[in-house]
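Content type compact mmCIF, C-alpha atoms, from the file my_file.txt:
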# COMPACT_ATOMS: atom_id res chain seq x y z
CA MET A 1 171.45 69.02 -53.45
CA PHE A 2 170.38 70.71 -56.68
CA ILE A 3 170.26 74.51 -56.53
CA THR A 4 168.63 76.74 -59.15
CA GLU A 5 170.04 80.01 -57.80
CA ILE A 6 171.42 81.76 -54.73
CA PHE A 7 171.03 85.54 -54.69
CA LYS A 8 170.72 88.59 -52.47
CA SER A 9 167.65 90.79 -52.73
CA ILE A 10 164.92 92.20 -50.53
CA GLN A 11 162.32 89.98 -48.95
CA GLY A 12 159.23 90.54 -51.08
CA GLU A 13 156.50 88.96 -48.99
CA GLY A 14 155.24 88.43 -45.46
CA THR A 15 155.97 90.28 -42.26
CA ARG A 16 159.63 90.80 -43.23
CA ALA A 17 158.87 92.38 -46.61
CA GLY A 18 161.45 94.99 -47.55
CA LEU A 19 164.31 93.55 -45.49
CA PRO A 20 167.58 92.48 -47.14
CA CYS A 21 167.63 88.71 -47.55
CA VAL A 22 169.67 85.97 -49.21
CA PHE A 23 167.59 83.42 -51.09
CA VAL A 24 168.58 79.81 -51.69
CA ARG A 25 166.29 78.43 -54.38
CA LEU A 26 166.30 74.64 -54.51
CA THR A 27 165.39 72.88 -57.75
CA GLY A 28 162.31 70.75 -58.25
CA CYS A 29 158.62 70.84 -57.41
CA ASN A 30 155.96 68.14 -57.37
CA LEU A 31 153.05 70.58 -57.80
CA ARG A 32 152.01 72.52 -60.88
CA CYS A 33 150.04 75.56 -59.74
CA THR A 34 148.27 77.34 -62.58
CA TRP A 35 149.84 80.69 -61.66
CA CYS A 36 153.38 79.51 -60.80
CA ASP A 37 155.95 82.26 -61.44
CA THR A 38 159.04 80.12 -60.81
CA ALA A 39 158.54 77.25 -63.25
CA TYR A 40 162.19 77.70 -64.29
CA ALA A 41 163.07 76.01 -60.98
CA PHE A 42 161.27 72.77 -61.83
CA HIS A 43 164.29 71.17 -63.54
CA GLY A 44 168.03 71.48 -63.91
CA GLY A 45 170.02 73.30 -61.28
CA THR A 46 173.60 72.94 -60.10
CA ARG A 47 174.63 70.15 -57.74
CA MET A 48 176.09 71.69 -54.57
CA SER A 49 177.07 70.38 -51.16
CA VAL A 50 175.86 71.93 -47.92
CA ALA A 51 179.35 73.37 -47.45
CA GLU A 52 179.29 74.96 -50.91
CA VAL A 53 175.88 76.51 -50.30
CA MET A 54 177.04 77.83 -46.93
CA ALA A 55 180.12 79.39 -48.51
CA ARG A 56 178.01 81.22 -51.09
CA VAL A 57 175.52 82.36 -48.45
CA ASP A 58 178.36 83.65 -46.25
CA GLU A 59 179.76 85.54 -49.24
CA LEU A 60 176.45 87.16 -50.15
CA THR A 61 175.45 87.98 -46.59
CA GLY A 62 178.74 89.70 -45.90
CA ARG A 63 179.94 87.22 -43.29
CA LYS A 64 183.34 87.00 -44.98
CA ALA A 65 183.68 90.77 -44.91
CA GLU A 66 182.29 91.22 -41.41
CA THR A 67 185.63 91.30 -39.66
CA SER A 68 186.94 94.02 -41.99
CA GLY A 69 183.86 96.17 -41.49
CA SER A 70 183.49 96.68 -45.24
CA GLN A 71 179.78 95.88 -45.19
CA ALA A 72 177.04 95.12 -42.70
CA PRO A 73 176.14 91.43 -42.65
CA VAL A 74 172.70 90.31 -43.85
CA PRO A 75 171.31 87.91 -41.21
CA LEU A 76 168.15 86.77 -43.04
CA VAL A 77 168.19 83.68 -45.29
CA GLU A 78 165.22 82.10 -47.05
CA LEU A 79 165.12 78.55 -48.37
CA THR A 80 162.67 78.35 -51.25
CA GLY A 81 162.00 76.59 -54.54
CA GLY A 82 160.47 74.87 -56.27
CA GLU A 83 159.65 72.91 -53.17
CA PRO A 84 162.70 72.85 -50.87
CA LEU A 85 161.41 70.00 -48.70
CA LEU A 86 161.73 67.54 -51.60
CA GLN A 87 165.50 67.43 -51.10
CA GLU A 88 166.85 65.64 -48.05
CA GLU A 89 169.86 67.94 -47.78
CA VAL A 90 167.63 70.88 -46.86
CA TYR A 91 167.53 69.62 -43.26
CA PRO A 92 171.28 69.66 -42.55
CA LEU A 93 171.49 72.95 -44.46
CA ALA A 94 168.84 74.51 -42.23
CA GLU A 95 170.59 73.16 -39.13
CA LYS A 96 173.93 74.60 -40.26
CA LEU A 97 172.45 78.01 -41.04
CA ILE A 98 170.79 78.13 -37.61
CA ALA A 99 174.03 77.05 -35.92
CA GLU A 100 175.87 79.87 -37.70
CA GLY A 101 173.43 82.43 -36.29
CA TYR A 102 171.29 83.15 -39.33
CA THR A 103 167.58 83.86 -39.13
CA VAL A 104 166.23 81.14 -41.42
CA MET A 105 162.89 81.13 -43.25
CA ILE A 106 161.51 78.40 -45.47
CA GLU A 107 158.82 78.89 -48.11
CA THR A 108 156.94 75.66 -48.66
CA SER A 109 153.84 74.60 -50.58
CA GLY A 110 152.27 72.96 -47.54
CA GLU A 111 152.14 69.59 -49.28
CA ARG A 112 155.24 68.25 -47.50
CA PHE A 113 155.36 67.56 -43.75
CA THR A 114 157.29 70.36 -42.01
CA GLY A 115 157.87 68.61 -38.69
CA ARG A 116 161.45 67.55 -39.42
CA LEU A 117 162.71 71.12 -39.69
CA PRO A 118 164.63 72.64 -36.76
CA ARG A 119 162.18 74.41 -34.47
CA GLU A 120 164.03 77.71 -34.98
CA VAL A 121 163.18 77.82 -38.69
CA ILE A 122 160.42 80.29 -39.56
CA LYS A 123 157.92 78.43 -41.72
CA ILE A 124 156.00 80.27 -44.45
CA VAL A 125 153.43 77.62 -45.33
CA ASP A 126 151.11 77.86 -48.32
CA VAL A 127 147.62 76.44 -48.37
CA LYS A 128 146.67 75.90 -52.00
CA CYS A 129 143.32 77.38 -53.02
CA PRO A 130 140.92 75.82 -55.57
CA ASP A 131 142.00 77.82 -58.61
CA SER A 132 145.65 76.92 -58.11
CA GLY A 133 144.79 73.56 -59.64
CA GLU A 134 146.36 71.92 -56.58
CA ALA A 135 143.50 72.04 -54.08
CA ASP A 136 143.41 69.42 -51.32
CA THR A 137 147.18 68.92 -51.35
CA PHE A 138 147.75 70.52 -47.93
CA GLU A 139 149.33 68.17 -45.39
CA MET A 140 146.99 68.61 -42.42
CA ARG A 141 149.64 67.48 -39.93
CA ASN A 142 151.37 70.78 -40.62
CA LEU A 143 148.74 72.61 -38.59
CA ALA A 144 150.15 71.09 -35.42
CA GLU A 145 153.67 72.15 -36.42
CA LEU A 146 152.79 75.84 -36.71
CA ASP A 147 153.67 78.24 -33.92
CA ALA A 148 153.72 81.95 -33.13
CA LYS A 149 156.75 82.75 -35.31
CA ASP A 150 155.32 81.13 -38.47
CA GLU A 151 153.12 82.46 -41.27
CA VAL A 152 150.41 80.91 -43.44
CA LYS A 153 149.86 82.18 -46.97
CA PHE A 154 146.95 81.84 -49.37
CA VAL A 155 147.58 82.82 -53.00
CA LEU A 156 144.32 84.11 -54.47
CA MET A 157 143.26 84.16 -58.10
CA THR A 158 139.46 84.48 -57.74
CA ARG A 159 136.66 85.26 -55.33
CA ARG A 160 136.29 81.49 -54.88
CA ASP A 161 139.90 81.33 -53.66
CA TYR A 162 139.24 84.19 -51.24
CA GLU A 163 136.20 82.45 -49.76
CA PHE A 164 138.15 79.20 -49.40
CA ALA A 165 140.98 81.05 -47.61
CA ARG A 166 138.57 82.92 -45.37
CA ASP A 167 136.75 79.74 -44.36
CA PHE A 168 139.93 77.66 -43.88
CA THR A 169 141.43 80.40 -41.69
CA ALA A 170 138.34 80.49 -39.49
CA LYS A 171 137.84 76.72 -39.31
CA HIS A 172 141.39 76.03 -38.16
CA GLY A 173 141.90 79.10 -35.97
CA LEU A 174 144.94 80.18 -37.95
CA VAL A 175 145.02 83.75 -36.65
CA ALA A 176 145.62 82.45 -33.11
CA ARG A 177 148.17 79.85 -34.26
CA VAL A 178 150.67 81.92 -36.23
CA LYS A 179 152.38 85.28 -36.44
CA GLN A 180 150.45 86.29 -39.57
CA VAL A 181 147.92 84.98 -42.08
CA LEU A 182 148.63 86.36 -45.55
CA PHE A 183 146.17 86.77 -48.41
CA SER A 184 148.26 87.29 -51.54
CA PRO A 185 146.57 88.14 -54.87
CA VAL A 186 148.11 86.67 -58.02
CA PHE A 187 149.94 89.09 -60.34
CA ASP A 188 149.14 89.16 -64.05
CA ASP A 189 151.48 86.87 -65.94
CA PRO A 190 153.90 88.96 -68.05
CA ALA A 191 153.46 86.47 -70.91
CA GLY A 192 149.67 86.57 -70.64
CA LYS A 193 149.24 82.96 -69.49
CA TRP A 194 146.88 83.94 -66.68
CA LYS A 195 145.01 86.94 -65.36
CA GLY A 196 145.77 88.12 -61.88
CA LEU A 197 143.46 89.41 -59.16
CA GLU A 198 143.19 93.13 -58.39
CA PRO A 199 144.58 93.82 -54.90
CA ARG A 200 141.83 96.40 -54.38
CA LYS A 201 139.20 93.68 -54.64
CA VAL A 202 140.95 91.60 -51.99
CA VAL A 203 141.16 94.64 -49.71
CA GLU A 204 137.43 95.28 -50.15
CA TRP A 205 136.59 91.66 -49.33
CA ILE A 206 138.88 91.61 -46.27
CA LEU A 207 137.35 94.83 -44.92
CA ALA A 208 133.79 93.71 -45.64
CA ASP A 209 134.34 90.48 -43.71
CA GLY A 210 136.41 92.11 -40.96
CA LEU A 211 139.24 89.61 -41.30
CA PRO A 212 142.38 90.04 -39.13
CA VAL A 213 144.65 88.99 -42.02
CA ARG A 214 147.38 90.81 -43.92
CA LEU A 215 147.25 91.70 -47.60
CA GLY A 216 150.39 90.23 -49.13
CA LEU A 217 151.81 91.93 -52.22
CA GLN A 218 154.99 90.68 -53.87
CA LEU A 219 157.05 93.78 -53.21
CA HIS A 220 159.94 92.70 -55.43
CA LYS A 221 157.62 92.77 -58.45
CA PHE A 222 157.04 96.49 -57.89
CA VAL A 223 160.80 97.11 -57.73
CA TRP A 224 161.85 94.92 -60.66
CA ASP A 225 160.19 93.59 -63.80
CA PRO A 226 157.91 90.70 -62.67
CA ALA A 227 159.53 88.45 -65.30
CA THR A 228 163.04 88.98 -63.88
CA LYS A 229 164.72 85.99 -62.23
CA GLY A 230 166.95 86.15 -59.20
CA VAL A 231 165.43 89.22 -57.56
Structure translated into structure tokens:
Amino acid sequence: MFITEIFKSIQGEGTRAGLPCVFVRLTGCNLRCTWCDTAYAFHGGTRMSVAEVMARVDELTGRKAETSGSQAPVPLVELTGGEPLLQEEVYPLAEKLIAEGYTVMIETSGERFTGRLPREVIKIVDVKCPDSGEADTFEMRNLAELDAKDEVKFVLMTRRDYEFARDFTAKHGLVARVKQVLFSPVFDDPAGKWKGLEPRKVVEWILADGLPVRLGLQLHKFVWDPATKGV
């Protein structure tokens, strides 16, 4: 498979925000969201086997040092992109990580069918809103694949996006389907390519409508420069 980067950081989003996590970022994406902050993962990458990825993950998580007690192992691994489900090798990689006892998450655009993943994988599934430029790309079969450990995320750039997310959540009963529904406002682009959405506005809208959803802020962008890769 082609890998853009493998790194250890904190989980920046979702219900596990703030926890140490190792990220495996696969190369390539078939969508072009207007606010994408990982366009550097669209092309290139390093060709690696499942075994090579596992060895690097074990190194970063502390598995190799576990027997010596030199550091506590990091059990959380996220597969992300790009769009990780574009590469066939993601399936045996996920299976191997699960077999080795890791807690495995996958961040996916929602455009690819998620039903081939091992049931133990925690799915973080995006539903693209209108101002992403990729509306109507969600694979509706994914709704049936969601369960109580999974999360659904809407990235919001405008009030229109918020209303779409609110209505989609209600129509499909997402709150009852998954662990958490996340409404995540877009950050300002450091290069000025797009304007983000004030989190305060999203909070006001959520409270006004009484929605049982979670505000999702990209915690890593408060810790590091938003333009920094590999954090």
Atomic separation - CA of Glu163 in chain A relative to CA of Leu85 in chain A, Å |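 One can read the CA of Leu85 in chain A to CA of Glu163 in chain A distance as 28.1 Å.
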Range 199-205 of chain A environment, 8 Å, only C-alpha atoms, sequence neighbours closer than 4 positions dropped, as a VMD selection string = chain A and resid 162 183 185 209 215 217
Written file, previous selection with C-alpha atoms, as an mmCIF file, keeping the file's coordinate frame:
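Everything below was put into part.cif:
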data_model
loop_
_atom_site.group_PDB
_atom_site.id
_atom_site.type_symbol
_atom_site.label_atom_id
_atom_site.label_comp_id
_atom_site.auth_asym_id
_atom_site.auth_seq_id
_atom_site.Cartn_x
_atom_site.Cartn_y
_atom_site.Cartn_z
ATOM 1 C CA TYR A 162 139.240 84.190 -51.240
ATOM 2 C CA PHE A 183 146.170 86.770 -48.410
ATOM 3 C CA PRO A 185 146.570 88.140 -54.870
ATOM 4 C CA ASP A 209 134.340 90.480 -43.710
ATOM 5 C CA LEU A 215 147.250 91.700 -47.600
ATOM 6 C CA LEU A 217 151.810 91.930 -52.220
#
Of A:Phe113, A:Asp188, A:Leu31, A:Ile6, the one sitting nearest Gly133 in chain A when using only C-alpha atoms is A:Leu31
Here CA of Glu13 in chain A and CA of Val175 in chain A stand apart by 17.6 Å
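Selecting by distance to (134.1, 83.1, -57.2) with a limit of 12 Å and using only C-alpha atoms, one obtains Cys129, Pro130, Asp131, Leu156, Met157, Thr158, Arg159, Arg160, Asp161, Tyr162, Glu163, Phe164, Ala165, Leu197 and Trp205 of chain A.
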Non-local contacts of Leu174 in chain A (9 Å; only C-alpha atoms; under 6 positions in same chain excluded) as a list of chain:residue names = A:Leu143, A:Val152, A:Phe168, A:Gln180, A:Val181
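The interatomic distance for the pair CA of Glu52 in chain A and CA of Thr27 in chain A works out to 15.6 Å.
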Write out as a ChimeraX atom specification each polymer residue whose atoms come within 6 Å of Ile3 in chain A, counting all atoms listed in the file; drop sequence neighbours fewer than 5 positions from it.
/A:25-27,45-46
List the neighbours of range 125-128 of chain A out to 10 Å using only C-alpha atoms; skip same-chain residues closer than 2 positions along the sequence, and give me the result as an mmCIF file with C-alpha atoms, keeping the file's coordinate frame.
data_model
loop_
_atom_site.group_PDB
_atom_site.id
_atom_site.type_symbol
_atom_site.label_atom_id
_atom_site.label_comp_id
_atom_site.auth_asym_id
_atom_site.auth_seq_id
_atom_site.Cartn_x
_atom_site.Cartn_y
_atom_site.Cartn_z
ATOM 1 C CA CYS A 33 150.040 75.560 -59.740
ATOM 2 C CA ILE A 106 161.510 78.400 -45.470
ATOM 3 C CA GLU A 107 158.820 78.890 -48.110
ATOM 4 C CA THR A 108 156.940 75.660 -48.660
ATOM 5 C CA SER A 109 153.840 74.600 -50.580
ATOM 6 C CA GLY A 110 152.270 72.960 -47.540
ATOM 7 C CA GLU A 111 152.140 69.590 -49.280
ATOM 8 C CA ARG A 112 155.240 68.250 -47.500
ATOM 9 C CA THR A 114 157.290 70.360 -42.010
ATOM 10 C CA ILE A 122 160.420 80.290 -39.560
ATOM 11 C CA LYS A 123 157.920 78.430 -41.720
ATOM 12 C CA PRO A 130 140.920 75.820 -55.570
ATOM 13 C CA ASP A 131 142.000 77.820 -58.610
ATOM 14 C CA SER A 132 145.650 76.920 -58.110
ATOM 15 C CA GLY A 133 144.790 73.560 -59.640
ATOM 16 C CA GLU A 134 146.360 71.920 -56.580
ATOM 17 C CA ALA A 135 143.500 72.040 -54.080
ATOM 18 C CA ASP A 136 143.410 69.420 -51.320
ATOM 19 C CA THR A 137 147.180 68.920 -51.350
ATOM 20 C CA PHE A 138 147.750 70.520 -47.930
ATOM 21 C CA GLU A 139 149.330 68.170 -45.390
ATOM 22 C CA MET A 140 146.990 68.610 -42.420
ATOM 23 C CA ASN A 142 151.370 70.780 -40.620
ATOM 24 C CA LEU A 143 148.740 72.610 -38.590
ATOM 25 C CA LEU A 146 152.790 75.840 -36.710
ATOM 26 C CA ASP A 150 155.320 81.130 -38.470
ATOM 27 C CA GLU A 151 153.120 82.460 -41.270
ATOM 28 C CA VAL A 152 150.410 80.910 -43.440
ATOM 29 C CA LYS A 153 149.860 82.180 -46.970
ATOM 30 C CA PHE A 154 146.950 81.840 -49.370
ATOM 31 C CA VAL A 155 147.580 82.820 -53.000
ATOM 32 C CA LEU A 156 144.320 84.110 -54.470
ATOM 33 C CA ASP A 161 139.900 81.330 -53.660
ATOM 34 C CA PHE A 164 138.150 79.200 -49.400
ATOM 35 C CA ALA A 165 140.980 81.050 -47.610
ATOM 36 C CA PHE A 168 139.930 77.660 -43.880
ATOM 37 C CA THR A 169 141.430 80.400 -41.690
ATOM 38 C CA VAL A 181 147.920 84.980 -42.080
ATOM 39 C CA LEU A 182 148.630 86.360 -45.550
#
Around (150.5, 76.4, -33.7) in the file's own coordinates, what residues are found within 8 Å if you use all atoms listed in the file, given back as a list in words?
->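 Residues close enough to count: Leu143, Ala144, Glu145, Leu146, Asp147, Ala148, Leu174, Ala176, Arg177 and Val178 of chain A.
Residues lying within 10 Å of Glu100 in chain A, counting only C-alpha atoms and ignoring same-chain neighbours fewer than 4 positions away, are Met54, Asp58, Pro75, Ala94, Glu95 and Lys96 of chain A.
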Produce a file of the selected residues containing C-alpha atoms, as a PDB file, keeping the file's coordinate frame.
ATOM      1  CA  MET A  54     177.040  77.830 -46.930  1.00  0.00           C
ATOM      2  CA  ASP A  58     178.360  83.650 -46.250  1.00  0.00           C
ATOM      3  CA  PRO A  75     171.310  87.910 -41.210  1.00  0.00           C
ATOM      4  CA  ALA A  94     168.840  74.510 -42.230  1.00  0.00           C
ATOM      5  CA  GLU A  95     170.590  73.160 -39.130  1.00  0.00           C
ATOM      6  CA  LYS A  96     173.930  74.600 -40.260  1.00  0.00           C
TER       7      LYS A  96
END
Determine the nearest neighbour of Arg214 in chain A from the options A:Val22, A:Val50, A:Ala17, A:Ala191, counting only C-alpha atoms.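 Counting only C-alpha atoms, the residue closest to Arg214 in chain A is A:Ala17.
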Check: Looking at only C-alpha atoms, which of A:Ile124, A:Met48, A:Val213, A:Val104 is the one that sits closest to Val74 in chain A?
Finding: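 Closest candidate: A:Val104.
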Point out the residue among A:Pro212, A:Ser49, A:Glu198, A:Glu89 with the least atom-to-atom distance to Ser184 in chain A, counting only C-alpha atoms.
->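 Nearest candidate to Ser184 in chain A out of A:Pro212, A:Ser49, A:Glu198, A:Glu89: A:Glu198.
Each of A:Thr4, A:Asn30, A:Gln218, A:Ser9 was checked against Thr61 in chain A using all atoms listed in the file; the smallest atom-to-atom distance is that of A:Ser9.
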One residue among A:Gly82, A:Gly18, A:Gly173, A:Gly101 is nearest to Thr38 in chain A when using all atoms listed in the file, and that residue is A:Gly82
